[in-house]
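data.txt, holding compact mmCIF, C-alpha atoms:
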# COMPACT_ATOMS: atom_id res chain seq x y z
CA MET M 11 0.00 0.00 0.00
CA SER M 12 1.03 3.56 -0.71
CA GLU M 13 -0.15 6.82 0.78
CA ILE M 14 -0.55 10.26 -0.76
CA THR M 15 -1.96 13.56 0.44
CA LEU M 16 -3.95 15.43 -2.20
CA LYS M 17 -4.78 19.11 -1.95
CA ILE M 18 -8.55 19.59 -2.26
CA GLU M 19 -10.05 23.00 -3.01
CA GLY M 20 -13.68 24.04 -2.90
CA MET M 21 -14.82 22.21 0.24
CA SER M 22 -16.92 24.34 2.59
CA CYS M 23 -18.76 21.94 4.92
CA GLY M 24 -19.02 18.45 6.36
CA GLY M 25 -21.14 17.37 3.39
CA CYS M 26 -18.27 18.25 1.09
CA VAL M 27 -15.92 16.12 3.20
CA ARG M 28 -18.33 13.17 3.00
CA ASN M 29 -18.68 13.56 -0.78
CA VAL M 30 -14.92 13.63 -1.37
CA THR M 31 -14.41 10.67 0.98
CA LYS M 32 -17.14 8.71 -0.82
CA VAL M 33 -15.79 9.26 -4.34
CA LEU M 34 -12.23 8.41 -3.32
CA GLU M 35 -13.15 5.27 -1.39
CA ALA M 36 -15.30 4.10 -4.31
CA LEU M 37 -12.24 3.81 -6.52
CA PRO M 38 -10.86 0.27 -6.96
CA GLY M 39 -7.56 0.07 -5.11
CA VAL M 40 -8.33 2.78 -2.54
CA SER M 41 -8.49 1.25 0.94
CA ALA M 42 -9.11 4.44 2.94
CA ALA M 43 -9.40 8.21 2.58
CA GLN M 44 -9.16 10.71 5.44
CA VAL M 45 -10.44 14.09 4.27
CA SER M 46 -9.82 17.27 6.28
CA LEU M 47 -11.92 20.37 5.70
CA GLU M 48 -9.56 22.48 7.83
CA ALA M 49 -6.43 21.36 5.99
CA GLY M 50 -8.11 21.27 2.58
CA SER M 51 -6.63 17.88 1.86
CA ALA M 52 -7.26 14.17 1.56
CA THR M 53 -4.81 11.51 2.73
CA VAL M 54 -5.41 8.35 0.72
CA GLN M 55 -4.13 4.82 1.26
CA TYR M 56 -4.13 2.98 -2.06
CA ASP M 57 -2.69 0.16 -4.13
CA PRO M 58 -0.68 1.76 -6.98
CA ALA M 59 -1.14 -1.38 -9.07
CA LYS M 60 -4.91 -0.73 -9.14
CA VAL M 61 -5.34 3.04 -9.11
CA ASP M 62 -3.19 6.05 -9.93
CA VAL M 63 -3.14 9.61 -8.66
CA ALA M 64 -4.65 10.93 -11.90
CA ALA M 65 -7.73 8.76 -11.34
CA MET M 66 -8.07 10.10 -7.79
CA ARG M 67 -7.85 13.70 -8.99
CA ALA M 68 -10.38 12.97 -11.75
CA ALA M 69 -12.82 11.47 -9.22
CA VAL M 70 -12.52 14.51 -6.93
CA GLU M 71 -12.97 16.90 -9.86
CA GLY M 72 -15.91 14.87 -11.12
CA ALA M 73 -17.58 15.45 -7.72
CA GLY M 74 -17.26 19.22 -8.23
CA PHE M 75 -14.06 20.02 -6.33
CA ASP M 76 -10.57 20.97 -7.44
CA ALA M 77 -7.56 18.72 -6.88
CA PRO M 78 -4.57 20.74 -8.13
CA GLN M 79 -1.18 19.12 -8.51
Show me this structure written as structure tokens.
Amino acid sequence: MSEITLKIEGMSCGGCVRNVTKVLEALPGVSAAQVSLEAGSATVQYDPAKVDVAAMRAAVEGAGFDAPQ
């Protein structure tokens, strides 16, 4: 397992945190996602053989948030 912290922009409430957590944890290969509204980030544990960072960013952006590099 690998771990990465993604910057997440556009979150304003607990509902946003739940949405980002949900879309990240729905990805095959993601075992856990801890999303922090205060820090504006998501720390993700994942299997790099099953999912890449680009897919995580795409999922976050597809949910209506920004995940800049």
>> Rounded to one decimal, what separation in Å do you get between CA of Lys17 in chain M and CA of Gly50 in chain M?
In response: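 If I compute the distance from CA of Lys17 in chain M to CA of Gly50 in chain M, I get 6.0 Å.
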>> Excluding Ala52 in chain M and its own-chain neighbours fewer than 4 positions away, which residues fall within 9 Å of it when counting only C-alpha atoms? Please give them as a PyMOL selection string.
In response: chain M and resi 14-18+30-31+43-47
Would you save the residues of that selection, restricted to C-alpha atoms, as a compact mmCIF listing (two decimals), keeping the file's coordinate frame?
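The resulting selection17.txt:
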# COMPACT_ATOMS: atom_id res chain seq x y z
CA ILE M 14 -0.55 10.26 -0.76
CA THR M 15 -1.96 13.56 0.44
CA LEU M 16 -3.95 15.43 -2.20
CA LYS M 17 -4.78 19.11 -1.95
CA ILE M 18 -8.55 19.59 -2.26
CA VAL M 30 -14.92 13.63 -1.37
CA THR M 31 -14.41 10.67 0.98
CA ALA M 43 -9.40 8.21 2.58
CA GLN M 44 -9.16 10.71 5.44
CA VAL M 45 -10.44 14.09 4.27
CA SER M 46 -9.82 17.27 6.28
CA LEU M 47 -11.92 20.37 5.70
>> List as a PyMOL selection string the protein and nucleic acid residues near Glu71 in chain M, meaning an atom at most 12 Å away when only C-alpha atoms are counted, but skip any in the same chain fewer than 2 places from it.
In response: chain M and resi 16-21+29-30+33-34+64-69+73-78
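Relative to CA of Gln55 in chain M, CA of Val40 in chain M is found at 6.0 Å.
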>> Measuring between all atoms listed in the file, which one of M:Ser41, M:Arg28, M:Cys23, M:Gly72 shows the shortest distance to Asp57 in chain M?
In response: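 So, comparing all the options, the nearest one is M:Ser41.
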> So how far away is CA of Glu35 in chain M from CA of Ala49 in chain M, in Å?
Replying inline: 18.9 Å
> Which of these, M:Glu48, M:Gln79, M:Ala42, M:Leu37, has the shortest distance to Ser22 in chain M once you count all atoms listed in the file?
Replying inline: M:Glu48
Step by step: locate range 28-74 of chain M in the block above, keep N, CA and C atoms, then write the file as a CSV table (one decimal), in the first residue's frame.
chain,number,residue,atom,x,y,z
M,28,ARG,N,-17.7,14.5,3.2
M,28,ARG,CA,-18.3,13.2,3.0
M,28,ARG,C,-18.3,12.8,1.5
M,29,ASN,N,-18.7,13.8,0.7
M,29,ASN,CA,-18.7,13.6,-0.8
M,29,ASN,C,-17.3,13.2,-1.3
M,30,VAL,N,-16.3,13.9,-0.9
M,30,VAL,CA,-14.9,13.6,-1.4
M,30,VAL,C,-14.5,12.3,-0.8
M,31,THR,N,-14.8,12.0,0.4
M,31,THR,CA,-14.4,10.7,1.0
M,31,THR,C,-15.1,9.6,0.2
M,32,LYS,N,-16.4,9.7,-0.1
M,32,LYS,CA,-17.1,8.7,-0.8
M,32,LYS,C,-16.6,8.4,-2.2
M,33,VAL,N,-16.3,9.5,-3.0
M,33,VAL,CA,-15.8,9.3,-4.3
M,33,VAL,C,-14.4,8.6,-4.3
M,34,LEU,N,-13.6,9.0,-3.4
M,34,LEU,CA,-12.2,8.4,-3.3
M,34,LEU,C,-12.3,7.0,-2.9
M,35,GLU,N,-13.1,6.7,-1.9
M,35,GLU,CA,-13.2,5.3,-1.4
M,35,GLU,C,-13.9,4.4,-2.4
M,36,ALA,N,-14.6,4.9,-3.3
M,36,ALA,CA,-15.3,4.1,-4.3
M,36,ALA,C,-14.3,3.6,-5.4
M,37,LEU,N,-13.2,4.2,-5.5
M,37,LEU,CA,-12.2,3.8,-6.5
M,37,LEU,C,-11.6,2.4,-6.2
M,38,PRO,N,-11.5,1.5,-7.2
M,38,PRO,CA,-10.9,0.3,-7.0
M,38,PRO,C,-9.4,0.5,-6.6
M,39,GLY,N,-8.9,-0.1,-5.5
M,39,GLY,CA,-7.6,0.1,-5.1
M,39,GLY,C,-7.4,1.1,-4.0
M,40,VAL,N,-8.4,1.9,-3.7
M,40,VAL,CA,-8.3,2.8,-2.5
M,40,VAL,C,-8.9,2.1,-1.3
M,41,SER,N,-8.0,2.0,-0.3
M,41,SER,CA,-8.5,1.3,0.9
M,41,SER,C,-9.1,2.2,2.0
M,42,ALA,N,-8.6,3.5,2.0
M,42,ALA,CA,-9.1,4.4,2.9
M,42,ALA,C,-8.8,5.8,2.5
M,43,ALA,N,-9.6,6.8,2.9
M,43,ALA,CA,-9.4,8.2,2.6
M,43,ALA,C,-9.8,9.0,3.8
M,44,GLN,N,-8.9,9.8,4.3
M,44,GLN,CA,-9.2,10.7,5.4
M,44,GLN,C,-9.1,12.1,4.9
M,45,VAL,N,-10.3,12.8,4.9
M,45,VAL,CA,-10.4,14.1,4.3
M,45,VAL,C,-10.6,15.1,5.4
M,46,SER,N,-9.8,16.2,5.3
M,46,SER,CA,-9.8,17.3,6.3
M,46,SER,C,-10.3,18.6,5.7
M,47,LEU,N,-11.4,19.1,6.2
M,47,LEU,CA,-11.9,20.4,5.7
M,47,LEU,C,-10.9,21.5,6.1
M,48,GLU,N,-10.5,21.4,7.3
M,48,GLU,CA,-9.6,22.5,7.8
M,48,GLU,C,-8.3,22.6,7.0
M,49,ALA,N,-7.7,21.4,6.7
M,49,ALA,CA,-6.4,21.4,6.0
M,49,ALA,C,-6.6,21.5,4.5
M,50,GLY,N,-7.9,21.2,4.0
M,50,GLY,CA,-8.1,21.3,2.6
M,50,GLY,C,-7.4,20.2,1.9
M,51,SER,N,-7.4,19.0,2.4
M,51,SER,CA,-6.6,17.9,1.9
M,51,SER,C,-7.3,16.5,2.1
M,52,ALA,N,-6.8,15.5,1.4
M,52,ALA,CA,-7.3,14.2,1.6
M,52,ALA,C,-6.0,13.3,1.6
M,53,THR,N,-5.9,12.5,2.6
M,53,THR,CA,-4.8,11.5,2.7
M,53,THR,C,-5.4,10.2,2.4
M,54,VAL,N,-4.8,9.6,1.3
M,54,VAL,CA,-5.4,8.4,0.7
M,54,VAL,C,-4.4,7.2,0.8
M,55,GLN,N,-4.9,6.1,1.3
M,55,GLN,CA,-4.1,4.8,1.3
M,55,GLN,C,-4.6,4.0,0.0
M,56,TYR,N,-3.7,3.6,-0.8
M,56,TYR,CA,-4.1,3.0,-2.1
M,56,TYR,C,-3.1,2.0,-2.6
M,57,ASP,N,-3.5,1.1,-3.5
M,57,ASP,CA,-2.7,0.2,-4.1
M,57,ASP,C,-2.3,0.7,-5.5
M,58,PRO,N,-1.1,1.1,-5.7
M,58,PRO,CA,-0.7,1.8,-7.0
M,58,PRO,C,-0.8,0.8,-8.2
M,59,ALA,N,-0.9,-0.5,-8.0
M,59,ALA,CA,-1.1,-1.4,-9.1
M,59,ALA,C,-2.6,-1.3,-9.6
M,60,LYS,N,-3.5,-0.8,-8.8
M,60,LYS,CA,-4.9,-0.7,-9.1
M,60,LYS,C,-5.5,0.7,-9.5
M,61,VAL,N,-4.8,1.7,-8.9
M,61,VAL,CA,-5.3,3.0,-9.1
M,61,VAL,C,-4.2,4.0,-9.1
M,62,ASP,N,-4.3,5.1,-9.9
M,62,ASP,CA,-3.2,6.1,-9.9
M,62,ASP,C,-3.7,7.4,-9.4
M,63,VAL,N,-2.8,8.3,-9.2
M,63,VAL,CA,-3.1,9.6,-8.7
M,63,VAL,C,-4.0,10.4,-9.6
M,64,ALA,N,-3.8,10.2,-10.9
M,64,ALA,CA,-4.6,10.9,-11.9
M,64,ALA,C,-6.1,10.5,-11.8
M,65,ALA,N,-6.4,9.2,-11.5
M,65,ALA,CA,-7.7,8.8,-11.3
M,65,ALA,C,-8.4,9.3,-10.1
M,66,MET,N,-7.6,9.5,-9.0
M,66,MET,CA,-8.1,10.1,-7.8
M,66,MET,C,-8.4,11.6,-8.0
M,67,ARG,N,-7.6,12.3,-8.7
M,67,ARG,CA,-7.8,13.7,-9.0
M,67,ARG,C,-9.1,13.8,-9.9
M,68,ALA,N,-9.2,12.9,-10.9
M,68,ALA,CA,-10.4,13.0,-11.7
M,68,ALA,C,-11.7,12.7,-11.0
M,69,ALA,N,-11.6,11.8,-10.0
M,69,ALA,CA,-12.8,11.5,-9.2
M,69,ALA,C,-13.2,12.7,-8.4
M,70,VAL,N,-12.2,13.3,-7.8
M,70,VAL,CA,-12.5,14.5,-6.9
M,70,VAL,C,-13.1,15.6,-7.8
M,71,GLU,N,-12.5,15.8,-9.0
M,71,GLU,CA,-13.0,16.9,-9.9
M,71,GLU,C,-14.3,16.6,-10.4
M,72,GLY,N,-14.6,15.3,-10.6
M,72,GLY,CA,-15.9,14.9,-11.1
M,72,GLY,C,-17.0,15.1,-10.1
M,73,ALA,N,-16.6,15.2,-8.8
M,73,ALA,CA,-17.6,15.5,-7.7
M,73,ALA,C,-17.8,17.0,-7.5
M,74,GLY,N,-17.1,17.8,-8.3
M,74,GLY,CA,-17.3,19.2,-8.2
M,74,GLY,C,-16.2,20.0,-7.4
